[in-house]
file coords-v4.cif (mmCIF, C-alpha atoms)
data_entry
#
loop_
_atom_site.group_PDB
_atom_site.id
_atom_site.type_symbol
_atom_site.label_atom_id
_atom_site.label_comp_id
_atom_site.auth_asym_id
_atom_site.auth_seq_id
_atom_site.Cartn_x
_atom_site.Cartn_y
_atom_site.Cartn_z
ATOM 1 C CA MET A 1 3.162 -14.290 14.743
ATOM 2 C CA GLU A 2 4.057 -17.011 12.249
ATOM 3 C CA HIS A 3 2.784 -17.734 8.750
ATOM 4 C CA ALA A 4 -0.097 -20.210 8.746
ATOM 5 C CA ILE A 5 -1.747 -20.432 5.328
ATOM 6 C CA ARG A 6 -1.995 -18.859 1.872
ATOM 7 C CA HIS A 7 -5.322 -18.232 0.137
ATOM 8 C CA ARG A 8 -5.848 -17.695 -3.599
ATOM 9 C CA VAL A 9 -8.869 -15.488 -4.304
ATOM 10 C CA PRO A 10 -10.295 -15.274 -7.867
ATOM 11 C CA VAL A 11 -10.890 -11.712 -9.084
ATOM 12 C CA SER A 12 -12.129 -10.088 -12.284
ATOM 13 C CA GLY A 13 -10.637 -10.585 -15.736
ATOM 14 C CA GLY A 14 -9.495 -14.116 -14.936
ATOM 15 C CA SER A 15 -6.872 -12.830 -12.514
ATOM 16 C CA TRP A 16 -6.382 -13.675 -8.840
ATOM 17 C CA VAL A 17 -4.822 -12.346 -5.658
ATOM 18 C CA THR A 18 -3.065 -14.291 -2.936
ATOM 19 C CA VAL A 19 -3.424 -13.598 0.774
ATOM 20 C CA ASP A 20 -0.876 -14.742 3.339
ATOM 21 C CA VAL A 21 -2.442 -15.372 6.753
ATOM 22 C CA PHE A 22 -0.366 -15.257 9.950
ATOM 23 C CA GLY A 23 -1.423 -16.288 13.430
ATOM 24 C CA GLU A 24 -4.796 -17.949 14.060
ATOM 25 C CA PRO A 25 -6.528 -18.367 10.666
ATOM 26 C CA GLY A 26 -10.018 -18.567 12.172
ATOM 27 C CA ALA A 27 -9.722 -15.495 14.389
ATOM 28 C CA PRO A 28 -10.606 -12.127 12.787
ATOM 29 C CA GLY A 29 -7.645 -9.794 12.996
ATOM 30 C CA LEU A 30 -5.825 -7.246 10.835
ATOM 31 C CA LEU A 31 -6.035 -7.243 7.029
ATOM 32 C CA VAL A 32 -2.992 -5.533 5.470
ATOM 33 C CA LEU A 33 -3.161 -3.967 1.991
ATOM 34 C CA PRO A 34 0.270 -2.848 0.678
ATOM 35 C CA GLY A 35 0.670 -0.071 -1.861
ATOM 36 C CA VAL A 36 2.791 0.701 -4.932
ATOM 37 C CA MET A 37 6.364 -0.676 -5.034
ATOM 38 C CA SER A 38 5.478 -3.143 -2.287
ATOM 39 C CA ASP A 39 4.193 -6.685 -1.906
ATOM 40 C CA ALA A 40 3.146 -9.081 0.840
ATOM 41 C CA HIS A 41 6.724 -10.277 1.360
ATOM 42 C CA GLY A 42 7.804 -6.746 2.265
ATOM 43 C CA TRP A 43 5.395 -6.676 5.218
ATOM 44 C CA ARG A 44 6.503 -9.903 6.912
ATOM 45 C CA ASP A 45 8.607 -8.139 9.580
ATOM 46 C CA VAL A 46 5.731 -5.865 10.588
ATOM 47 C CA VAL A 47 3.249 -8.730 10.783
ATOM 48 C CA ARG A 48 5.577 -10.983 12.758
ATOM 49 C CA ALA A 49 6.086 -8.213 15.330
ATOM 50 C CA LEU A 50 2.353 -7.760 16.022
ATOM 51 C CA SER A 51 1.135 -8.910 19.422
ATOM 52 C CA ALA A 52 -2.352 -7.413 19.970
ATOM 53 C CA TRP A 53 -4.014 -9.037 16.936
ATOM 54 C CA PRO A 54 -4.934 -12.744 16.870
ATOM 55 C CA SER A 55 -4.201 -12.915 13.151
ATOM 56 C CA ALA A 56 -2.975 -10.830 10.248
ATOM 57 C CA ALA A 57 -3.765 -11.384 6.573
ATOM 58 C CA VAL A 58 -1.524 -9.678 4.007
ATOM 59 C CA VAL A 59 -2.891 -9.169 0.495
ATOM 60 C CA ASN A 60 -0.531 -9.538 -2.439
ATOM 61 C CA ARG A 61 -2.307 -7.210 -4.856
ATOM 62 C CA ARG A 62 -2.600 -8.211 -8.527
ATOM 63 C CA GLY A 63 0.466 -7.524 -10.625
ATOM 64 C CA ARG A 64 2.780 -9.133 -8.045
ATOM 65 C CA THR A 65 3.904 -12.763 -8.054
ATOM 66 C CA PRO A 66 2.324 -15.081 -6.936
ATOM 67 C CA SER A 67 -0.833 -13.027 -7.619
ATOM 68 C CA GLY A 68 -2.149 -12.700 -11.159
ATOM 69 C CA PRO A 69 -1.802 -9.942 -13.783
ATOM 70 C CA LEU A 70 -3.389 -6.485 -13.702
ATOM 71 C CA THR A 71 -5.499 -7.190 -16.853
ATOM 72 C CA GLY A 72 -6.341 -4.626 -19.518
ATOM 73 C CA ASP A 73 -9.271 -2.938 -17.767
ATOM 74 C CA TYR A 74 -7.289 -2.171 -14.608
ATOM 75 C CA SER A 75 -8.393 0.844 -12.547
ATOM 76 C CA MET A 76 -8.966 1.908 -8.952
ATOM 77 C CA ARG A 77 -12.374 0.287 -9.298
ATOM 78 C CA THR A 78 -10.528 -2.964 -9.994
ATOM 79 C CA GLU A 79 -8.571 -2.589 -6.756
ATOM 80 C CA VAL A 80 -11.701 -1.798 -4.736
ATOM 81 C CA ALA A 81 -13.449 -4.853 -6.208
ATOM 82 C CA ASP A 82 -10.408 -7.027 -5.456
ATOM 83 C CA LEU A 83 -10.439 -5.929 -1.819
ATOM 84 C CA GLY A 84 -14.150 -6.693 -1.691
ATOM 85 C CA ALA A 85 -13.496 -10.181 -3.069
ATOM 86 C CA VAL A 86 -10.874 -10.781 -0.382
ATOM 87 C CA LEU A 87 -13.245 -9.606 2.367
ATOM 88 C CA ASP A 88 -16.005 -11.828 1.007
ATOM 89 C CA ALA A 89 -13.678 -14.837 0.850
ATOM 90 C CA LEU A 90 -11.935 -14.435 4.205
ATOM 91 C CA GLY A 91 -14.671 -12.772 6.255
ATOM 92 C CA GLU A 92 -14.719 -9.388 7.947
ATOM 93 C CA PRO A 93 -11.507 -8.572 9.836
ATOM 94 C CA ARG A 94 -11.331 -6.508 13.000
ATOM 95 C CA ALA A 95 -9.546 -3.823 10.972
ATOM 96 C CA VAL A 96 -8.290 -3.109 7.477
ATOM 97 C CA PHE A 97 -4.858 -1.471 7.337
ATOM 98 C CA GLY A 98 -3.723 0.122 4.083
ATOM 99 C CA TRP A 99 -0.351 1.644 3.280
ATOM 100 C CA SER A 100 -0.024 4.510 0.764
ATOM 101 C CA TYR A 101 -1.894 3.478 -2.422
ATOM 102 C CA GLY A 102 -3.341 0.569 -0.463
ATOM 103 C CA ALA A 103 -4.721 3.024 2.091
ATOM 104 C CA LEU A 104 -6.541 4.910 -0.676
ATOM 105 C CA VAL A 105 -8.013 1.633 -1.961
ATOM 106 C CA ALA A 106 -9.197 0.784 1.556
ATOM 107 C CA LEU A 107 -10.733 4.232 2.052
ATOM 108 C CA LEU A 108 -12.571 3.990 -1.263
ATOM 109 C CA ALA A 109 -13.818 0.509 -0.382
ATOM 110 C CA ALA A 110 -15.060 1.761 2.991
ATOM 111 C CA GLY A 111 -17.045 4.385 1.124
ATOM 112 C CA GLU A 112 -19.135 1.546 -0.317
ATOM 113 C CA ARG A 113 -19.256 -1.217 2.306
ATOM 114 C CA PRO A 114 -19.194 -1.248 6.118
ATOM 115 C CA VAL A 115 -15.831 -1.754 7.805
ATOM 116 C CA ARG A 116 -15.318 -1.984 11.559
ATOM 117 C CA GLN A 117 -12.042 -0.099 11.623
ATOM 118 C CA LEU A 118 -9.852 1.366 8.901
ATOM 119 C CA ILE A 119 -6.228 2.323 9.494
ATOM 120 C CA GLY A 120 -4.408 4.226 6.749
ATOM 121 C CA TYR A 121 -0.673 4.949 6.735
ATOM 122 C CA GLU A 122 0.079 8.020 4.594
ATOM 123 C CA PRO A 123 -2.662 7.483 1.994
ATOM 124 C CA VAL A 124 -2.052 9.208 -1.330
ATOM 125 C CA LEU A 125 -4.565 10.985 -3.534
ATOM 126 C CA ARG A 126 -4.631 12.503 -7.011
ATOM 127 C CA PRO A 127 -2.695 14.390 -8.327
ATOM 128 C CA PHE A 128 -0.015 12.372 -6.522
ATOM 129 C CA GLY A 129 2.689 11.370 -9.023
ATOM 130 C CA ALA A 130 0.901 13.105 -11.905
ATOM 131 C CA GLU A 131 4.001 15.106 -12.822
ATOM 132 C CA ALA A 132 5.849 11.867 -13.631
ATOM 133 C CA LEU A 133 3.110 10.121 -15.615
ATOM 134 C CA GLU A 134 4.499 10.842 -19.080
ATOM 135 C CA GLU A 135 7.969 9.690 -18.066
ATOM 136 C CA LEU A 136 6.536 6.535 -16.525
ATOM 137 C CA LYS A 137 4.487 5.908 -19.657
ATOM 138 C CA ALA A 138 7.614 6.127 -21.810
ATOM 139 C CA ALA A 139 9.556 3.836 -19.461
ATOM 140 C CA ASP A 140 6.666 1.363 -19.497
ATOM 141 C CA ALA A 141 6.468 1.391 -23.299
ATOM 142 C CA ALA A 142 10.213 0.725 -23.483
ATOM 143 C CA ALA A 143 9.999 -1.944 -20.741
ATOM 144 C CA ASP A 144 12.777 0.006 -18.990
ATOM 145 C CA LEU A 145 12.342 -1.069 -15.369
ATOM 146 C CA ASP A 146 15.592 0.577 -14.257
ATOM 147 C CA LEU A 147 14.263 3.925 -15.433
ATOM 148 C CA ALA A 148 10.885 3.293 -13.788
ATOM 149 C CA VAL A 149 12.560 2.629 -10.419
ATOM 150 C CA GLU A 150 14.600 5.801 -10.780
ATOM 151 C CA ILE A 151 11.520 7.869 -11.687
ATOM 152 C CA VAL A 152 9.435 6.668 -8.733
ATOM 153 C CA ASN A 153 12.254 7.328 -6.288
ATOM 154 C CA ARG A 154 13.499 10.639 -7.688
ATOM 155 C CA ARG A 155 10.500 12.316 -9.353
ATOM 156 C CA ILE A 156 7.665 11.002 -7.165
ATOM 157 C CA SER A 157 9.130 10.191 -3.743
ATOM 158 C CA GLY A 158 11.713 12.982 -3.893
ATOM 159 C CA PHE A 159 14.731 10.940 -2.789
ATOM 160 C CA SER A 160 18.211 12.160 -3.656
ATOM 161 C CA ALA A 161 20.358 10.936 -6.523
ATOM 162 C CA GLU A 162 22.791 9.572 -3.922
ATOM 163 C CA TYR A 163 20.000 7.545 -2.322
ATOM 164 C CA VAL A 164 19.030 6.030 -5.678
ATOM 165 C CA GLU A 165 22.632 5.190 -6.526
ATOM 166 C CA ALA A 166 22.994 3.427 -3.172
ATOM 167 C CA LEU A 167 19.894 1.373 -4.013
ATOM 168 C CA ARG A 168 21.310 0.566 -7.443
ATOM 169 C CA ALA A 169 24.576 -0.625 -5.884
ATOM 170 C CA ASP A 170 22.644 -3.154 -3.773
ATOM 171 C CA ARG A 171 21.865 -5.629 -6.543
ATOM 172 C CA PRO A 172 19.313 -7.817 -4.687
ATOM 173 C CA THR A 173 17.386 -4.739 -3.555
ATOM 174 C CA TRP A 174 17.517 -3.176 -7.018
ATOM 175 C CA GLU A 175 16.265 -6.372 -8.657
ATOM 176 C CA MET A 176 13.394 -6.516 -6.172
ATOM 177 C CA LEU A 177 12.503 -2.885 -6.991
ATOM 178 C CA ARG A 178 12.626 -3.601 -10.732
ATOM 179 C CA ARG A 179 10.169 -6.458 -10.246
ATOM 180 C CA LEU A 180 7.833 -4.288 -8.156
ATOM 181 C CA ALA A 181 7.992 -1.535 -10.793
ATOM 182 C CA GLU A 182 6.342 -3.669 -13.488
ATOM 183 C CA PRO A 183 2.773 -2.441 -12.684
ATOM 184 C CA LEU A 184 3.936 1.053 -11.653
ATOM 185 C CA TYR A 185 2.702 3.109 -14.619
ATOM 186 C CA ALA A 186 -0.730 1.466 -14.606
ATOM 187 C CA GLU A 187 -1.102 2.077 -10.870
ATOM 188 C CA ILE A 188 -0.092 5.746 -10.926
ATOM 189 C CA ALA A 189 -2.321 6.305 -13.965
ATOM 190 C CA ALA A 190 -5.236 4.620 -12.162
ATOM 191 C CA LEU A 191 -4.681 6.753 -9.067
ATOM 192 C CA ASN A 192 -4.834 9.922 -11.157
ATOM 193 C CA SER A 193 -7.971 8.814 -12.999
ATOM 194 C CA ALA A 194 -9.973 8.045 -9.858
ATOM 195 C CA GLU A 195 -12.613 10.245 -8.294
ATOM 196 C CA PRO A 196 -11.536 10.367 -4.631
ATOM 197 C CA ARG A 197 -14.968 10.627 -2.998
ATOM 198 C CA PRO A 198 -16.470 9.274 -0.819
ATOM 199 C CA LEU A 199 -13.701 8.096 1.476
ATOM 200 C CA GLY A 200 -14.272 5.878 4.483
ATOM 201 C CA ARG A 201 -17.819 7.010 5.222
ATOM 202 C CA LEU A 202 -19.028 3.493 6.151
ATOM 203 C CA ALA A 203 -16.124 2.721 8.481
ATOM 204 C CA GLU A 204 -17.103 2.715 12.131
ATOM 205 C CA ARG A 205 -13.654 4.041 13.036
ATOM 206 C CA VAL A 206 -10.901 5.596 10.906
ATOM 207 C CA ASP A 207 -7.314 6.068 12.099
ATOM 208 C CA LEU A 208 -4.886 7.923 9.820
ATOM 209 C CA VAL A 209 -1.142 7.655 10.466
ATOM 210 C CA VAL A 210 1.654 9.913 9.216
ATOM 211 C CA GLY A 211 5.382 9.457 9.740
ATOM 212 C CA ALA A 212 6.933 12.257 11.788
ATOM 213 C CA ARG A 213 9.621 12.849 9.143
ATOM 214 C CA ASN A 214 6.932 13.530 6.510
ATOM 215 C CA ARG A 215 4.399 15.557 8.481
ATOM 216 C CA GLY A 216 3.490 18.684 6.550
ATOM 217 C CA LEU A 217 6.089 18.038 3.857
ATOM 218 C CA PRO A 218 5.631 17.047 0.197
ATOM 219 C CA PRO A 219 4.933 14.669 -1.261
ATOM 220 C CA TYR A 220 3.570 12.296 1.398
ATOM 221 C CA GLY A 221 2.779 14.736 4.189
ATOM 222 C CA THR A 222 0.824 17.063 1.914
ATOM 223 C CA ALA A 223 -1.049 14.154 0.319
ATOM 224 C CA PHE A 224 -1.879 12.982 3.839
ATOM 225 C CA GLU A 225 -3.432 16.362 4.659
ATOM 226 C CA ASP A 226 -5.490 16.252 1.448
ATOM 227 C CA VAL A 227 -6.923 12.879 2.499
ATOM 228 C CA ARG A 228 -7.426 14.022 6.086
ATOM 229 C CA ALA A 229 -9.579 16.905 4.853
ATOM 230 C CA LEU A 230 -11.874 14.396 3.126
ATOM 231 C CA VAL A 231 -12.222 12.202 6.237
ATOM 232 C CA PRO A 232 -13.072 14.773 8.917
ATOM 233 C CA GLY A 233 -13.950 12.224 11.605
ATOM 234 C CA ALA A 234 -10.626 10.395 11.442
ATOM 235 C CA ALA A 235 -8.237 10.218 14.373
ATOM 236 C CA VAL A 236 -4.678 11.247 13.438
ATOM 237 C CA HIS A 237 -1.568 9.534 14.776
ATOM 238 C CA VAL A 238 2.104 10.403 14.232
ATOM 239 C CA LEU A 239 4.742 7.650 14.093
ATOM 240 C CA PRO A 240 7.921 9.138 15.632
ATOM 241 C CA GLY A 241 11.169 8.918 13.706
ATOM 242 C CA GLN A 242 9.662 7.349 10.599
ATOM 243 C CA GLY A 243 8.901 8.324 7.015
ATOM 244 C CA HIS A 244 6.965 6.631 4.229
ATOM 245 C CA LEU A 245 8.938 3.376 4.357
ATOM 246 C CA ALA A 246 8.266 2.576 8.006
ATOM 247 C CA HIS A 247 7.470 -1.063 7.171
ATOM 248 C CA ALA A 248 11.060 -1.488 5.954
ATOM 249 C CA GLU A 249 12.917 0.992 8.163
ATOM 250 C CA GLY A 250 11.020 0.624 11.441
ATOM 251 C CA PRO A 251 8.836 -2.505 11.317
ATOM 252 C CA ALA A 252 8.850 -3.008 15.106
ATOM 253 C CA GLU A 253 7.835 0.608 15.691
ATOM 254 C CA LEU A 254 5.036 0.393 13.131
ATOM 255 C CA ALA A 255 3.814 -2.894 14.603
ATOM 256 C CA ALA A 256 3.779 -1.347 18.079
ATOM 257 C CA LEU A 257 1.614 1.518 16.827
ATOM 258 C CA LEU A 258 -0.763 -0.904 15.112
ATOM 259 C CA ASP A 259 -1.000 -2.823 18.388
ATOM 260 C CA THR A 260 -2.059 0.348 20.204
ATOM 261 C CA LEU A 261 -4.814 0.844 17.599
ATOM 262 C CA ALA A 262 -6.267 -2.646 18.049
ATOM 263 C CA GLY A 263 -9.855 -1.781 18.914
#

call {"tool": "encode", "arguments": {"input": "coords-v4.cif", "output": "structure tokens"}}
result
Amino acid sequence: MEHAIRHRVPVSGGSWVTVDVFGEPGAPGLLVLPGVMSDAHGWRDVVRALSAWPSAAVVNRRGRTPSGPLTGDYSMRTEVADLGAVLDALGEPRAVFGWSYGALVALLAAGERPVRQLIGYEPVLRPFGAEALEELKAADAAADLDLAVEIVNRRISGFSAEYVEALRADRPTWEMLRRLAEPLYAEIAALNSAEPRPLGRLAERVDLVVGARNRGLPPYGTAFEDVRALVPGAAVHVLPGQGHLAHAEGPAELAALLDTLAG
């Protein structure tokens, strides 16, 4: 599936979000909503590997170039409204797929408006990341993006010091992570200020996906179970051999699973 067009959708506060559409622009397909420390560019390998969807539209959430700024009144309500603006502008897709923070946004949105199908990969829920909020706030105030990247990987995601040092040694990857960390504090603060109910009640079908390496384990596997308890009608799927970063570590495998879920 190849890139076809980019849309710019106006949103609140004078900001905007961009949406990259792959495949057949006029054919309803899969709408992808990335989460924290991710952008539309990071999902290109997954989207290009899809075969069961006529199109895929990937949202570049606000706070990520070429989308606009977060704005001062940013909250989870802002994200839900942004997703609504994208759906209004592009039309209803066959399914909305959210990853992590993006999955929570999609579930909240589907608590307010009908959605045909919602697919969530390891959605997170408060108090996810709450233990690192003060450190992130200090890093944000100091504009210390290196520290912010270290905090999200070590304190929130639970990766080892060796893993973080390997990331730091890869300068292009580290620079990309620094750029993606710019809205990090605001996003984690918004997540922990949001009331999580209702989730997905207006979706005709909900599929929740967890990576096999994370199932039942903190932080992502336990957050997944918290969300699952709030969406009792959801079908649960396990992606073998993968963890939270399946879009980067196993894009073909994730795309194959999404193809099997094409309703």

call {"tool": "closest_residue", "arguments": {"input": "coords-v4.cif", "among": "A:Met1, A:Leu208, A:Ala138, A:Leu217", "to": "A:Ala49", "atoms": "only C-alpha atoms"}}
result
A:Met1

call {"tool": "closest_residue", "arguments": {"input": "coords-v4.cif", "among": "A:Val115, A:Ala142, A:Leu184, A:Ala56", "to": "A:Ala27", "atoms": "only C-alpha atoms"}}
result
A:Ala56

call {"tool": "closest_residue", "arguments": {"input": "coords-v4.cif", "among": "A:Gly250, A:Trp43, A:Pro218, A:Leu33", "to": "A:Phe159", "atoms": "all atoms listed in the file"}}
result
A:Pro218

call {"tool": "closest_atom_pairs", "arguments": {"input": "coords-v4.cif", "of": "stretch 178-211 of chain A", "to": "stretch 116-131 of chain A", "cutoff": "7 Å", "atoms": "all atoms listed in the file", "output": "tab-separated table"}}
result
residue	atom	partner	partner_atom	distance
A:Ile188	CA	A:Gly129	CA	6.6
A:Leu191	CA	A:Arg126	CA	6.1
A:Asn192	CA	A:Arg126	CA	4.9
A:Ala203	CA	A:Arg116	CA	5.7
A:Glu204	CA	A:Arg116	CA	5.1
A:Arg205	CA	A:Gln117	CA	4.7
A:Val206	CA	A:Leu118	CA	4.8
A:Asp207	CA	A:Ile119	CA	4.7
A:Leu208	CA	A:Gly120	CA	4.8
A:Val209	CA	A:Tyr121	CA	4.6
A:Val210	CA	A:Glu122	CA	5.2

call {"tool": "residues_around", "arguments": {"input": "coords-v4.cif", "residues": "A:Glu165", "least_positions_apart": "4", "cutoff": "10 Å", "atoms": "all atoms listed in the file", "output": "tab-separated table (two decimals) with C-alpha atoms, in the frame of the given file"}}
result
chain	number	residue	atom	x	y	z
A	150	GLU	CA	14.60	5.80	-10.78
A	160	SER	CA	18.21	12.16	-3.66
A	161	ALA	CA	20.36	10.94	-6.52
A	169	ALA	CA	24.58	-0.62	-5.88
A	170	ASP	CA	22.64	-3.15	-3.77
A	174	TRP	CA	17.52	-3.18	-7.02

call {"tool": "resolve_selection", "arguments": {"input": "coords-v4.cif", "expression": "the PyMOL selection byres ((chain A and resi 175-177) around 12)", "output": "PyMOL selection string"}}
result
chain A and resi 36-39+41-42+64-65+145-153+164+167-174+178-184

call {"tool": "resolve_selection", "arguments": {"input": "coords-v4.cif", "expression": "the PyMOL selection byres ((chain A and resi 240) around 7)", "output": "PyMOL selection string"}}
result
chain A and resi 211-212+238-239+241-242

call {"tool": "write_last_selection", "arguments": {"input": "coords-v4.cif", "atoms": "C-alpha atoms", "output": "short mmCIF file (atom, residue, chain, number, x, y, z; two decimals), in the coordinates of the input"}}
result
data_model
loop_
_atom_site.label_atom_id
_atom_site.label_comp_id
_atom_site.auth_asym_id
_atom_site.auth_seq_id
_atom_site.Cartn_x
_atom_site.Cartn_y
_atom_site.Cartn_z
CA GLY A 211 5.38 9.46 9.74
CA ALA A 212 6.93 12.26 11.79
CA VAL A 238 2.10 10.40 14.23
CA LEU A 239 4.74 7.65 14.09
CA GLY A 241 11.17 8.92 13.71
CA GLN A 242 9.66 7.35 10.60
#

call {"tool": "closest_residue", "arguments": {"input": "coords-v4.cif", "among": "A:Leu254, A:Ala139, A:Ala57, A:Ala194", "to": "A:Met76", "atoms": "all atoms listed in the file"}}
result
A:Ala194

call {"tool": "atom_distance", "arguments": {"input": "coords-v4.cif", "atom1": "atom CA of A:Pro66", "atom2": "atom CA of A:Val9"}}
result
11.5 Å

call {"tool": "resolve_selection", "arguments": {"input": "coords-v4.cif", "expression": "the PyMOL selection byres ((chain A and resi 255) around 10)", "output": "list in words"}}
result
Asp45, Val46, Val47, Arg48, Ala49, Leu50, Ser51, Ala52, Ala246, His247, Gly250, Pro251, Ala252, Glu253, Leu254, Ala256, Leu257, Leu258, Asp259, Thr260 and Leu261 of chain A

call {"tool": "atom_distance", "arguments": {"input": "coords-v4.cif", "atom1": "atom CA of A:Glu92", "atom2": "atom CA of A:Gly111"}}
result
15.5 Å
